[in-house]
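Only one structure is covered here, and it is reproduced in the block below.
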Amino acid sequence: MKFSIAREQLLPALQIIGGVVERRQTLPILANTLMVVDEGQLALTATDMEVELVVRLALEGGNAGETTLPARKLLDICRTLPEAAELNFDFEGDRARLKSGRSRFTLATLPAQEFPGTEVTEPSAQFSVAQGVLRQLLEDTQFAMAQQDVRYYLNGLLLELNPDNLRAVATDGHRLALSEASLTTGVETPIQIIVPRKGVQELLRLLENSEDEITLQVSTNHIRIDTGRIQFTSKLIDGRFPDYQRVIPANSDNVLSADRETVRQSLTRASILSNEKYRGIRLMLQQGMLRALAHNPEQEEAEEEIEVDYSGDEIEIGFNVSYLLDALGAVRGSRVQMVFADASSSCLILPEDSDQSSKYVVMPMRL
Amino acid sequence: MRLKAEQLSAHLRKGLAPVYLVSGDEPLQHMETCDAIRAAARAQGFNERQVLEVERGFNWDSLAQEAAALSLFAEQRLIELRMGSGPGTEGGKVLAEYCSQPPADTILLVSSARIDNRSQQSKWFKAIDQAGVTISVWPVDMAQLPRWISQRCRDRGLNIDNDAAELIAQKVEGNLLAAAQEIEKLRLLTDDNARVDVEAVVAAVADSARYDAFALINSAYNGDLPRALRMLYGLRAEGIEAIAIYGALMWQLRRTCTLAHARTSGQSEAALFKQYRIFDKQQGPFKQIFRRHSATELDRLLHAGGRIDAQLKGYAGGDPWQSLGWLLARLAGYDSLPSMQ
């Protein structure tokens, strides 16, 4: 096998797949990238056995073949070569010769047959969606995923395919984030899948905020997303996501509405003096006024008064301020609504503009 | 409140305490005790379980945070805190603080390895003891093991005679996990209401003895050579390196020589045991070896042991396992290695 390719073409591709090349490989070959040359195309594949990425590049000339090369080293070489360099690959036996200008490298290869493939079954759902829409769904919710929780099904993000919308939900058991987008998914009955944390992070790395359509496929054990140039495949978490509908509080009269940025900045300031251990903050709701109080073991105190629209009951309630700030940072729109029931029930945070469909639920804490 | 493992089920029937500490190195009882608490908690509607593993760099604040944060999905929770040994200074503070005001809707289950007497005087331990229940599980020693086996069989509706229990005890040699497994196996293999006798055990029980080097040395000191040799070959079969056993044996033998000389020069045995921290359980074997060998004889055996070292390192001929057997035989009061069947 033999081919030539421009540095500017190869480098971004190597950077994309670099994210899934395992640092602590259980199998030596997982440190490598699979390179397949066929019909004017070079396909680079990397996998950590959970997430697989394939990047396709157009190639002029070159004869067909396949092999694997150390991904990290190739990336480092490619990155440090001068701009507009041309890379010439020539494979023979278990060695690869790489020439570029007056630089020469010999790299060790491993046979392509040993590279673990991803067996994907017949998709049970398939539809197209704009990249930006999917990206937005993930951005809206991913921060609420659990990390290394024994409830393994929380260490990922729920994607729910409904006939007329796609919904993303994440929760760590104390707070929950939900976002949905109207689109036709082609399913007749809803399908729920849980994408593992690593897969979500990789997806966010490669999805752009654009109108370009991508194909999303769901099969029994995998989700596959194809942008045309990049194919992303991730295993799914095999588990049942908790019934999230149950924990979204019902309507209440205690609705506060305010400018999102004002509330966020006030709470950020108050949080500086909250107990580092608990990150607790006390909210006091009064007519037209939200007061936020924080104090720490050194007896330092912060008090913020925020003008808001509120005419409900007077409520005093404690929260983990990080959870509130995460939600306020993610909720769409410039004005936000916070819905309370009482001092021991969850708070619902949502955009005032009802066209926007993201919701956040935060449980209070004992102070 | 301190409870023995066997008192737990009666306690759990009466209601749950807000904090539990299960400590000890014996895995079976440790596991079963924790399981019983989990099951009781689940039955009472503590539907959510969170696990915090105390590892290097564990952030103790996460316990306080977890306890203060309410859950979206369950009103009552069980938080498990798994620590290898003690909680350290920082963790001790957090635990004591937690126990001063344990939340009503949360049960905290702390599990750890054995906690020594000194740590049991610490603030955090006392705080747990005051707010909740502490349970230490202990290994069952050889003398008690047959009774333990009979009891466990009875609890599981299995009728076992004393000899059969004795045989299982001998086979598993203190490994309760193995004993429990053998009992499960017997239960599957025996008809209801049939009596389990020695033959049934022989047919069903595999040789799953787990020995450790110090038990082996004690057996030799006690003069029980067959048991010492069975343990030696058991360890070899488990793939333990001869050098590990040799190391333990020589360490103990050197200590024995020191004690023997001190004893010869007129110091009282009781004072020596105290000085060298030889606990009740260990004293028997020492007393036996002093009765059998003089200090000079022990010196000679220690010196002879040096040859095994050379064998292990490959500059003396002979099989180190054989030599270890020979040394054990001499310690046990035999002149030569009796032939194994």
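How things are named: the first chain in the structure tokens is A, the next is B, and so on; residues count from 1 in each chain; ligands count from 1 in the order shown.
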Set the cut-off to 10 Å and count only C-alpha atoms: what are the residues of chain B that reach chain A? Output as a ChimeraX atom specification. /B:48-52,59-74,103
Residue list (strand (DSSP E), DSSP) for stretch 98-160 of chain A, as a list in words: Leu98, Lys99, Ser100, Ser103, Arg104, Phe105, Thr106, Leu107, Ala108, Ala125, Gln126, Phe127, Ser128, Val129, Ala130, Gly156, Leu157, Leu158, Leu159 and Glu160 of chain A
Near stretch 180-188 of chain B, within 9 Å and counting only C-alpha atoms, which residues show up once chain neighbours fewer than 5 positions away are dropped, as a list in words? Leu28, Ile149, Arg152, Cys153, Arg156, Gly157, Leu158, Ile168, Val172, Asn175, Val196, Ala200, Val201, Ala204, Val205 and Ala206 of chain B
Sel. of helix (DSSP H, G or I) residues, stretch 74-178 of chain B, as a PyMOL selection string: chain B and resi 88-100+119-121+123-131+145-155+162-172+176-178
With C-alpha atoms retained, export the selected residues as a PDB file, in the first residue's frame.
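Now in part-v5.pdb:
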ATOM      1  CA  GLY B  88      -8.017   9.152  59.257  1.00  0.00           C
ATOM      2  CA  THR B  89      -8.175  12.493  61.031  1.00  0.00           C
ATOM      3  CA  GLU B  90     -10.243  14.349  58.486  1.00  0.00           C
ATOM      4  CA  GLY B  91     -12.661  11.506  57.864  1.00  0.00           C
ATOM      5  CA  GLY B  92     -13.019  10.910  61.589  1.00  0.00           C
ATOM      6  CA  LYS B  93     -14.178  14.490  62.010  1.00  0.00           C
ATOM      7  CA  VAL B  94     -16.703  14.191  59.207  1.00  0.00           C
ATOM      8  CA  LEU B  95     -18.053  10.917  60.595  1.00  0.00           C
ATOM      9  CA  ALA B  96     -18.336  12.273  64.118  1.00  0.00           C
ATOM     10  CA  GLU B  97     -20.101  15.361  62.815  1.00  0.00           C
ATOM     11  CA  TYR B  98     -22.464  13.233  60.764  1.00  0.00           C
ATOM     12  CA  CYS B  99     -23.301  11.096  63.783  1.00  0.00           C
ATOM     13  CA  SER B 100     -24.067  14.102  65.943  1.00  0.00           C
ATOM     14  CA  SER B 119      -9.094   3.217  67.197  1.00  0.00           C
ATOM     15  CA  GLN B 120     -12.156   1.972  69.034  1.00  0.00           C
ATOM     16  CA  GLN B 121     -11.397   4.646  71.634  1.00  0.00           C
ATOM     17  CA  LYS B 123     -14.122  10.000  68.779  1.00  0.00           C
ATOM     18  CA  TRP B 124     -15.562   8.872  65.488  1.00  0.00           C
ATOM     19  CA  PHE B 125     -15.937   5.287  66.612  1.00  0.00           C
ATOM     20  CA  LYS B 126     -17.647   6.317  69.810  1.00  0.00           C
ATOM     21  CA  ALA B 127     -19.878   8.689  67.875  1.00  0.00           C
ATOM     22  CA  ILE B 128     -21.047   5.870  65.607  1.00  0.00           C
ATOM     23  CA  ASP B 129     -21.476   3.603  68.581  1.00  0.00           C
ATOM     24  CA  GLN B 130     -23.629   6.219  70.268  1.00  0.00           C
ATOM     25  CA  ALA B 131     -25.742   7.162  67.265  1.00  0.00           C
ATOM     26  CA  LEU B 145     -15.586 -24.017  63.555  1.00  0.00           C
ATOM     27  CA  PRO B 146     -17.416 -27.383  63.763  1.00  0.00           C
ATOM     28  CA  ARG B 147     -20.068 -25.793  65.946  1.00  0.00           C
ATOM     29  CA  TRP B 148     -20.337 -22.868  63.579  1.00  0.00           C
ATOM     30  CA  ILE B 149     -20.816 -25.284  60.688  1.00  0.00           C
ATOM     31  CA  SER B 150     -23.470 -27.303  62.520  1.00  0.00           C
ATOM     32  CA  GLN B 151     -25.334 -24.099  63.351  1.00  0.00           C
ATOM     33  CA  ARG B 152     -25.204 -22.843  59.798  1.00  0.00           C
ATOM     34  CA  CYS B 153     -26.405 -26.207  58.509  1.00  0.00           C
ATOM     35  CA  ARG B 154     -29.290 -26.174  60.960  1.00  0.00           C
ATOM     36  CA  ASP B 155     -30.274 -22.642  59.916  1.00  0.00           C
ATOM     37  CA  ASN B 162     -20.714 -33.916  64.538  1.00  0.00           C
ATOM     38  CA  ASP B 163     -18.076 -35.926  62.719  1.00  0.00           C
ATOM     39  CA  ALA B 164     -19.194 -34.567  59.389  1.00  0.00           C
ATOM     40  CA  ALA B 165     -19.049 -30.998  60.699  1.00  0.00           C
ATOM     41  CA  GLU B 166     -15.599 -31.731  62.071  1.00  0.00           C
ATOM     42  CA  LEU B 167     -14.481 -32.978  58.672  1.00  0.00           C
ATOM     43  CA  ILE B 168     -15.746 -29.908  56.832  1.00  0.00           C
ATOM     44  CA  ALA B 169     -14.020 -27.729  59.404  1.00  0.00           C
ATOM     45  CA  GLN B 170     -10.770 -29.545  58.824  1.00  0.00           C
ATOM     46  CA  LYS B 171     -11.066 -29.340  55.083  1.00  0.00           C
ATOM     47  CA  VAL B 172     -11.754 -25.634  54.872  1.00  0.00           C
ATOM     48  CA  LEU B 176     -15.635 -19.450  56.080  1.00  0.00           C
ATOM     49  CA  LEU B 177     -16.415 -18.571  52.488  1.00  0.00           C
ATOM     50  CA  ALA B 178     -15.369 -22.082  51.517  1.00  0.00           C
TER      51      ALA B 178
END
